[in-house]
file data_19.pdb (PDB, C-alpha atoms, pLDDT in the B column)
ATOM      1  CA  MET S  19      -4.285  17.508  21.311  1.00 51.00           C
ATOM      2  CA  ALA S  20      -2.230  19.439  18.777  1.00 55.00           C
ATOM      3  CA  LEU S  21      -3.701  20.026  15.348  1.00 68.00           C
ATOM      4  CA  ILE S  22      -1.924  18.220  12.532  1.00 71.00           C
ATOM      5  CA  ALA S  23      -1.013  20.273   9.468  1.00 77.00           C
ATOM      6  CA  ASP S  24      -2.416  18.599   6.371  1.00 82.00           C
ATOM      7  CA  PRO S  25      -1.237  19.546   2.871  1.00 87.00           C
ATOM      8  CA  ASP S  26      -4.462  18.034   1.469  1.00 89.00           C
ATOM      9  CA  GLU S  27      -6.832  20.073   3.670  1.00 89.00           C
ATOM     10  CA  ASP S  28      -7.945  22.527   0.965  1.00 91.00           C
ATOM     11  CA  LEU S  29      -8.248  19.772  -1.640  1.00 91.00           C
ATOM     12  CA  VAL S  30     -10.406  17.605   0.646  1.00 91.00           C
ATOM     13  CA  ARG S  31     -12.619  20.598   1.473  1.00 91.00           C
ATOM     14  CA  ARG S  32     -13.132  21.293  -2.253  1.00 93.00           C
ATOM     15  CA  VAL S  33     -13.832  17.602  -2.959  1.00 92.00           C
ATOM     16  CA  GLY S  34     -16.396  17.686  -0.148  1.00 91.00           C
ATOM     17  CA  GLN S  35     -18.057  20.636  -1.867  1.00 92.00           C
ATOM     18  CA  GLY S  36     -18.314  18.627  -5.093  1.00 91.00           C
ATOM     19  CA  ASP S  37     -15.696  20.565  -7.087  1.00 92.00           C
ATOM     20  CA  PRO S  38     -15.056  18.390 -10.206  1.00 93.00           C
ATOM     21  CA  ALA S  39     -11.512  19.766 -10.680  1.00 95.00           C
ATOM     22  CA  ALA S  40     -10.660  18.931  -7.069  1.00 93.00           C
ATOM     23  CA  ILE S  41     -12.015  15.397  -7.490  1.00 91.00           C
ATOM     24  CA  GLN S  42      -9.850  14.916 -10.598  1.00 94.00           C
ATOM     25  CA  THR S  43      -6.826  16.305  -8.761  1.00 94.00           C
ATOM     26  CA  MET S  44      -7.392  13.990  -5.797  1.00 92.00           C
ATOM     27  CA  VAL S  45      -7.706  10.964  -8.061  1.00 93.00           C
ATOM     28  CA  ALA S  46      -4.576  11.960  -9.997  1.00 94.00           C
ATOM     29  CA  ARG S  47      -2.588  12.443  -6.775  1.00 93.00           C
ATOM     30  CA  LYS S  48      -3.838   9.557  -4.671  1.00 93.00           C
ATOM     31  CA  LEU S  49      -5.005   6.738  -6.962  1.00 94.00           C
ATOM     32  CA  PRO S  50      -1.518   5.707  -8.218  1.00 94.00           C
ATOM     33  CA  ARG S  51      -0.221   5.447  -4.639  1.00 92.00           C
ATOM     34  CA  MET S  52      -3.249   3.475  -3.461  1.00 94.00           C
ATOM     35  CA  LEU S  53      -2.898   1.170  -6.464  1.00 94.00           C
ATOM     36  CA  ALA S  54       0.809   0.617  -5.752  1.00 92.00           C
ATOM     37  CA  LEU S  55       0.094  -0.064  -2.087  1.00 92.00           C
ATOM     38  CA  ALA S  56      -2.649  -2.578  -2.898  1.00 93.00           C
ATOM     39  CA  GLN S  57      -0.530  -4.328  -5.558  1.00 92.00           C
ATOM     40  CA  ARG S  58       2.323  -4.777  -3.096  1.00 90.00           C
ATOM     41  CA  MET S  59       0.026  -6.008  -0.340  1.00 90.00           C
ATOM     42  CA  LEU S  60      -2.116  -8.317  -2.485  1.00 90.00           C
ATOM     43  CA  GLY S  61       0.138  -9.366  -5.349  1.00 88.00           C
ATOM     44  CA  ASP S  62      -2.862  -9.310  -7.708  1.00 89.00           C
ATOM     45  CA  ALA S  63      -3.410  -6.452 -10.174  1.00 91.00           C
ATOM     46  CA  ALA S  64      -7.184  -6.904 -10.539  1.00 93.00           C
ATOM     47  CA  GLU S  65      -7.761  -7.017  -6.793  1.00 93.00           C
ATOM     48  CA  ALA S  66      -5.432  -4.056  -6.331  1.00 94.00           C
ATOM     49  CA  GLU S  67      -7.479  -1.999  -8.807  1.00 95.00           C
ATOM     50  CA  ASP S  68     -10.664  -2.870  -6.921  1.00 95.00           C
ATOM     51  CA  VAL S  69      -9.114  -1.884  -3.589  1.00 95.00           C
ATOM     52  CA  ALA S  70      -7.690   1.383  -4.944  1.00 95.00           C
ATOM     53  CA  GLN S  71     -11.013   2.348  -6.516  1.00 95.00           C
ATOM     54  CA  ASP S  72     -12.920   1.437  -3.352  1.00 95.00           C
ATOM     55  CA  ALA S  73     -10.496   3.516  -1.254  1.00 94.00           C
ATOM     56  CA  MET S  74     -10.959   6.498  -3.580  1.00 93.00           C
ATOM     57  CA  LEU S  75     -14.742   6.104  -3.454  1.00 93.00           C
ATOM     58  CA  ARG S  76     -14.612   6.115   0.341  1.00 92.00           C
ATOM     59  CA  ALA S  77     -12.396   9.213   0.259  1.00 90.00           C
ATOM     60  CA  TRP S  78     -14.901  10.988  -1.960  1.00 90.00           C
ATOM     61  CA  LYS S  79     -17.798  10.006   0.339  1.00 91.00           C
ATOM     62  CA  GLN S  80     -15.868  10.975   3.501  1.00 88.00           C
ATOM     63  CA  ALA S  81     -14.663  14.352   2.176  1.00 89.00           C
ATOM     64  CA  PRO S  82     -17.811  16.343   3.145  1.00 89.00           C
ATOM     65  CA  ARG S  83     -17.485  15.080   6.747  1.00 88.00           C
ATOM     66  CA  TRP S  84     -13.699  15.345   7.021  1.00 85.00           C
ATOM     67  CA  THR S  85     -12.518  17.208  10.133  1.00 83.00           C
ATOM     68  CA  PRO S  86      -9.147  18.831   9.450  1.00 78.00           C
ATOM     69  CA  GLY S  87      -6.426  18.772  12.076  1.00 75.00           C
ATOM     70  CA  GLN S  88      -7.130  15.386  13.661  1.00 77.00           C
ATOM     71  CA  ALA S  89      -5.087  13.338  11.192  1.00 79.00           C
ATOM     72  CA  LYS S  90      -3.588  13.766   7.748  1.00 86.00           C
ATOM     73  CA  PHE S  91      -6.021  12.807   5.015  1.00 89.00           C
ATOM     74  CA  ASP S  92      -3.280  10.830   3.257  1.00 88.00           C
ATOM     75  CA  THR S  93      -2.660   8.789   6.416  1.00 88.00           C
ATOM     76  CA  TRP S  94      -6.381   8.059   6.738  1.00 90.00           C
ATOM     77  CA  LEU S  95      -6.573   7.036   3.073  1.00 92.00           C
ATOM     78  CA  HIS S  96      -3.600   4.680   3.461  1.00 92.00           C
ATOM     79  CA  ARG S  97      -5.295   3.080   6.492  1.00 91.00           C
ATOM     80  CA  VAL S  98      -8.518   2.603   4.486  1.00 93.00           C
ATOM     81  CA  ALA S  99      -6.594   0.952   1.642  1.00 94.00           C
ATOM     82  CA  LEU S 100      -4.669  -1.280   4.049  1.00 92.00           C
ATOM     83  CA  ASN S 101      -7.876  -2.358   5.785  1.00 93.00           C
ATOM     84  CA  LEU S 102      -9.435  -3.213   2.419  1.00 94.00           C
ATOM     85  CA  CYS S 103      -6.310  -5.245   1.550  1.00 92.00           C
ATOM     86  CA  TYR S 104      -6.483  -7.131   4.842  1.00 91.00           C
ATOM     87  CA  ASP S 105     -10.170  -7.874   4.255  1.00 91.00           C
ATOM     88  CA  ARG S 106      -9.266  -9.457   0.917  1.00 91.00           C
ATOM     89  CA  LEU S 107      -6.310 -11.351   2.384  1.00 87.00           C
ATOM     90  CA  ARG S 108      -8.570 -12.811   5.083  1.00 86.00           C
ATOM     91  CA  ARG S 109     -11.080 -13.918   2.442  1.00 83.00           C
ATOM     92  CA  ARG S 110      -8.266 -15.571   0.456  1.00 76.00           C
ATOM     93  CA  ARG S 111      -7.292 -17.674   3.433  1.00 71.00           C
ATOM     94  CA  GLU S 112     -10.852 -18.919   3.693  1.00 59.00           C
ATOM     95  CA  VAL S 113     -10.889 -20.170   0.074  1.00 54.00           C
ATOM     96  CA  PRO S 114      -7.866 -22.384  -0.625  1.00 58.00           C
ATOM     97  CA  THR S 115      -6.955 -23.088  -4.249  1.00 61.00           C
ATOM     98  CA  ASP S 116      -4.942 -25.890  -5.821  1.00 65.00           C
ATOM     99  CA  ALA S 117      -2.775 -23.699  -8.028  1.00 66.00           C
ATOM    100  CA  PRO S 118      -1.964 -20.001  -8.307  1.00 65.00           C
ATOM    101  CA  PRO S 119      -3.756 -18.137 -11.112  1.00 62.00           C
ATOM    102  CA  ASP S 120      -1.973 -17.678 -14.426  1.00 66.00           C
ATOM    103  CA  ARG S 121      -0.659 -14.171 -14.918  1.00 66.00           C
ATOM    104  CA  PRO S 122       0.427 -12.654 -18.224  1.00 65.00           C
ATOM    105  CA  ASP S 123       3.977 -11.329 -18.524  1.00 58.00           C
ATOM    106  CA  ASP S 124       3.687  -7.550 -18.726  1.00 62.00           C
ATOM    107  CA  GLY S 125       7.392  -7.114 -19.607  1.00 55.00           C
ATOM    108  CA  PRO S 126       8.407  -5.075 -22.655  1.00 56.00           C
ATOM    109  CA  SER S 127       9.637  -8.100 -24.630  1.00 55.00           C
ATOM    110  CA  PRO S 128      10.694 -11.641 -23.820  1.00 54.00           C
ATOM    111  CA  ASP S 129      14.379 -11.045 -24.474  1.00 51.00           C
ATOM    112  CA  ARG S 130      14.595  -7.692 -22.655  1.00 51.00           C
ATOM    113  CA  GLY S 131      12.069  -8.053 -19.883  1.00 54.00           C
ATOM    114  CA  LEU S 132      12.524 -11.682 -18.932  1.00 53.00           C
ATOM    115  CA  MET S 133      15.172 -11.152 -16.272  1.00 58.00           C
ATOM    116  CA  ALA S 134      13.543  -8.025 -14.828  1.00 57.00           C
ATOM    117  CA  ALA S 135      10.136  -9.718 -14.766  1.00 60.00           C
ATOM    118  CA  ASP S 136      11.626 -12.763 -13.049  1.00 71.00           C
ATOM    119  CA  VAL S 137      13.344 -10.636 -10.406  1.00 75.00           C
ATOM    120  CA  GLY S 138      10.206  -8.539  -9.903  1.00 77.00           C
ATOM    121  CA  ALA S 139       8.053 -11.634  -9.587  1.00 81.00           C
ATOM    122  CA  ARG S 140      10.508 -13.165  -7.111  1.00 84.00           C
ATOM    123  CA  VAL S 141      10.543  -9.978  -5.022  1.00 85.00           C
ATOM    124  CA  ASN S 142       6.740  -9.796  -5.064  1.00 85.00           C
ATOM    125  CA  ALA S 143       6.446 -13.470  -4.146  1.00 87.00           C
ATOM    126  CA  ALA S 144       8.931 -13.051  -1.286  1.00 89.00           C
ATOM    127  CA  LEU S 145       7.048  -9.961  -0.142  1.00 90.00           C
ATOM    128  CA  THR S 146       3.724 -11.821  -0.069  1.00 88.00           C
ATOM    129  CA  ARG S 147       5.289 -14.590   2.056  1.00 91.00           C
ATOM    130  CA  LEU S 148       6.240 -12.130   4.798  1.00 91.00           C
ATOM    131  CA  PRO S 149       3.971 -11.973   7.838  1.00 93.00           C
ATOM    132  CA  ASP S 150       1.281  -9.321   7.299  1.00 91.00           C
ATOM    133  CA  ARG S 151       2.713  -6.707   9.685  1.00 93.00           C
ATOM    134  CA  GLN S 152       6.261  -7.043   8.297  1.00 93.00           C
ATOM    135  CA  ARG S 153       4.932  -6.743   4.737  1.00 92.00           C
ATOM    136  CA  GLU S 154       2.880  -3.694   5.727  1.00 91.00           C
ATOM    137  CA  ALA S 155       5.947  -2.011   7.271  1.00 94.00           C
ATOM    138  CA  VAL S 156       8.147  -2.741   4.234  1.00 92.00           C
ATOM    139  CA  VAL S 157       5.488  -1.577   1.758  1.00 90.00           C
ATOM    140  CA  LEU S 158       4.726   1.637   3.647  1.00 91.00           C
ATOM    141  CA  CYS S 159       8.378   2.629   4.126  1.00 92.00           C
ATOM    142  CA  HIS S 160      10.002   1.369   0.922  1.00 88.00           C
ATOM    143  CA  TYR S 161       7.268   1.484  -1.689  1.00 87.00           C
ATOM    144  CA  GLN S 162       4.915   4.172  -0.362  1.00 88.00           C
ATOM    145  CA  GLU S 163       7.932   6.207   0.833  1.00 87.00           C
ATOM    146  CA  LEU S 164       6.395   7.105   4.185  1.00 89.00           C
ATOM    147  CA  THR S 165       8.754   8.117   6.970  1.00 90.00           C
ATOM    148  CA  ASN S 166       9.189   5.732   9.882  1.00 93.00           C
ATOM    149  CA  ILE S 167       7.189   8.115  12.056  1.00 92.00           C
ATOM    150  CA  GLU S 168       4.307   8.260   9.542  1.00 89.00           C
ATOM    151  CA  ALA S 169       4.312   4.496   9.002  1.00 91.00           C
ATOM    152  CA  ALA S 170       4.431   3.790  12.748  1.00 92.00           C
ATOM    153  CA  ALA S 171       1.471   6.121  13.326  1.00 90.00           C
ATOM    154  CA  LEU S 172      -0.455   4.501  10.481  1.00 90.00           C
ATOM    155  CA  MET S 173       0.219   1.042  11.892  1.00 92.00           C
ATOM    156  CA  SER S 174      -0.531   2.160  15.482  1.00 91.00           C
ATOM    157  CA  VAL S 175       2.878   0.988  16.728  1.00 93.00           C
ATOM    158  CA  SER S 176       5.907   2.743  18.184  1.00 95.00           C
ATOM    159  CA  VAL S 177       8.762   3.752  15.905  1.00 94.00           C
ATOM    160  CA  ASP S 178      10.923   1.130  17.649  1.00 96.00           C
ATOM    161  CA  ALA S 179       8.327  -1.570  16.902  1.00 95.00           C
ATOM    162  CA  LEU S 180       8.146  -0.431  13.272  1.00 94.00           C
ATOM    163  CA  GLU S 181      11.930  -0.561  12.950  1.00 95.00           C
ATOM    164  CA  SER S 182      11.884  -4.091  14.397  1.00 95.00           C
ATOM    165  CA  LEU S 183       9.249  -5.129  11.832  1.00 95.00           C
ATOM    166  CA  LEU S 184      11.304  -3.546   9.050  1.00 94.00           C
ATOM    167  CA  SER S 185      14.471  -5.268  10.221  1.00 95.00           C
ATOM    168  CA  ARG S 186      12.844  -8.700  10.353  1.00 95.00           C
ATOM    169  CA  GLY S 187      11.115  -8.130   7.001  1.00 94.00           C
ATOM    170  CA  ARG S 188      14.331  -7.022   5.287  1.00 93.00           C
ATOM    171  CA  ARG S 189      16.224  -9.979   6.741  1.00 94.00           C
ATOM    172  CA  ALA S 190      13.575 -12.414   5.483  1.00 93.00           C
ATOM    173  CA  LEU S 191      13.627 -10.783   2.030  1.00 91.00           C
ATOM    174  CA  ARG S 192      17.440 -10.936   1.876  1.00 91.00           C
ATOM    175  CA  GLN S 193      17.331 -14.644   2.736  1.00 91.00           C
ATOM    176  CA  ALA S 194      14.569 -15.386   0.229  1.00 89.00           C
ATOM    177  CA  LEU S 195      16.350 -13.486  -2.545  1.00 88.00           C
ATOM    178  CA  ALA S 196      19.986 -14.326  -1.690  1.00 86.00           C
ATOM    179  CA  ASP S 197      20.563 -16.151  -4.975  1.00 84.00           C
ATOM    180  CA  ILE S 198      19.593 -13.137  -7.111  1.00 78.00           C
ATOM    181  CA  ARG S 199      22.565 -11.017  -6.071  1.00 63.00           C
ATOM    182  CA  PRO S 200      24.903 -12.940  -3.791  1.00 51.00           C
ATOM    183  CA  GLY S 201      26.494 -10.604  -1.272  1.00 47.00           C
ATOM    184  CA  ALA S 202      23.956  -7.812  -1.848  1.00 46.00           C
ATOM    185  CA  GLU S 203      23.390  -5.984   1.402  1.00 47.00           C
ATOM    186  CA  GLY S 204      20.369  -3.728   0.824  1.00 45.00           C
ATOM    187  CA  VAL S 205      16.797  -4.770   0.177  1.00 44.00           C
TER     188      VAL S 205
END

call {"tool": "encode", "arguments": {"input": "data_19.pdb", "output": "structure tokens"}}
result
Amino acid sequence: MALIADPDEDLVRRVGQGDPAAIQTMVARKLPRMLALAQRMLGDAAEAEDVAQDAMLRAWKQAPRWTPGQAKFDTWLHRVALNLCYDRLRRRREVPTDAPPDRPDDGPSPDRGLMAADVGARVNAALTRLPDRQREAVVLCHYQELTNIEAAALMSVSVDALESLLSRGRRALRQALADIRPGAEGV
């Protein structure tokens, strides 16, 4: 088995040794991405913060035992965050609610941010209605900016299977959002 080059290898080693600067650097580098991933997967900011923090805590605890060369640390961390998201999604299905929770509008102002907030909310809602694996593929490739090869490895599927998931997910998003920009080709 070939060793995998990992740009985070030195950082993880230093975190494992308890270096406070390395811990701060890891949090600064990784927390925003884990938060974005969790927000896209869960559609709930509070739950996303919990998942991102839990993923970072696990990274900090795993760092002293990390074996470089077997996988990229970033790939492992994404898998941890995804698993935590899926745990929460499973729990949601077990507790049905009558109405979705109220969410405050975080837009800059009602007159400026109304349209953007509406479009963003519609995209997020359409994303959450996708089947889990399609949503995971779309989030990893489009929002987390992983390559198809990285995303396929993270999802434990072939690149062809990932591309099929992406294609179906994009098609479903285009259909769900067709009235936003009629004739728009790219989602």

call {"tool": "residues_around", "arguments": {"input": "data_19.pdb", "residues": "Leu29 in chain S", "least_positions_apart": "6", "cutoff": "9 Å", "atoms": "only C-alpha atoms", "output": "compact mmCIF listing (two decimals) with C-alpha atoms, keeping the file's coordinate frame"}}
result
# COMPACT_ATOMS: atom_id res chain seq x y z
CA ALA S 40 -10.66 18.93 -7.07
CA ILE S 41 -12.02 15.40 -7.49
CA THR S 43 -6.83 16.30 -8.76
CA MET S 44 -7.39 13.99 -5.80

call {"tool": "residues_near_point", "arguments": {"input": "data_19.pdb", "point": "(-0.7, -4.7, 0.8)", "cutoff": "10 Å", "atoms": "only C-alpha atoms", "output": "number ranges by chain"}}
result
S: 52-62, 66, 69, 99-104, 106-107, 145-146, 150-151, 153-158

call {"tool": "atom_distance", "arguments": {"input": "data_19.pdb", "atom1": "CA of Val175 in chain S", "atom2": "CA of Lys90 in chain S"}}
result
16.9 Å

call {"tool": "resolve_selection", "arguments": {"input": "data_19.pdb", "expression": "the PyMOL selection byres ((chain S and resi 33) around 10)", "output": "PyMOL selection string"}}
result
chain S and resi 27-32+34-44+77-82

call {"tool": "axis_aligned_box", "arguments": {"input": "data_19.pdb", "around": "range 135-149 of chain S", "padding_each_side": "8 Å", "output": "lines of an AutoDock Vina configuration file"}}
result
center_x = 8.5
center_y = -11.6
center_z = -3.5
size_x = 25.6
size_y = 22.1
size_z = 38.6

call {"tool": "closest_residue", "arguments": {"input": "data_19.pdb", "among": "S:Arg83, S:Glu65, S:Gln152, S:Gly138", "to": "Glu181 in chain S", "atoms": "all atoms listed in the file"}}
result
S:Gln152

call {"tool": "atom_distance", "arguments": {"input": "data_19.pdb", "atom1": "CA of Ser182 in chain S", "atom2": "CA of Ala170 in chain S"}}
result
11.0 Å

call {"tool": "atom_distance", "arguments": {"input": "data_19.pdb", "atom1": "CA of Asp26 in chain S", "atom2": "CA of Ser174 in chain S"}}
result
21.5 Å

call {"tool": "resolve_selection", "arguments": {"input": "data_19.pdb", "expression": "the PyMOL selection byres ((chain S and resi 24) around 8)", "output": "list in words"}}
result
Ile22, Ala23, Pro25, Asp26, Glu27, Pro86, Gly87, Ala89, Lys90 and Phe91 of chain S
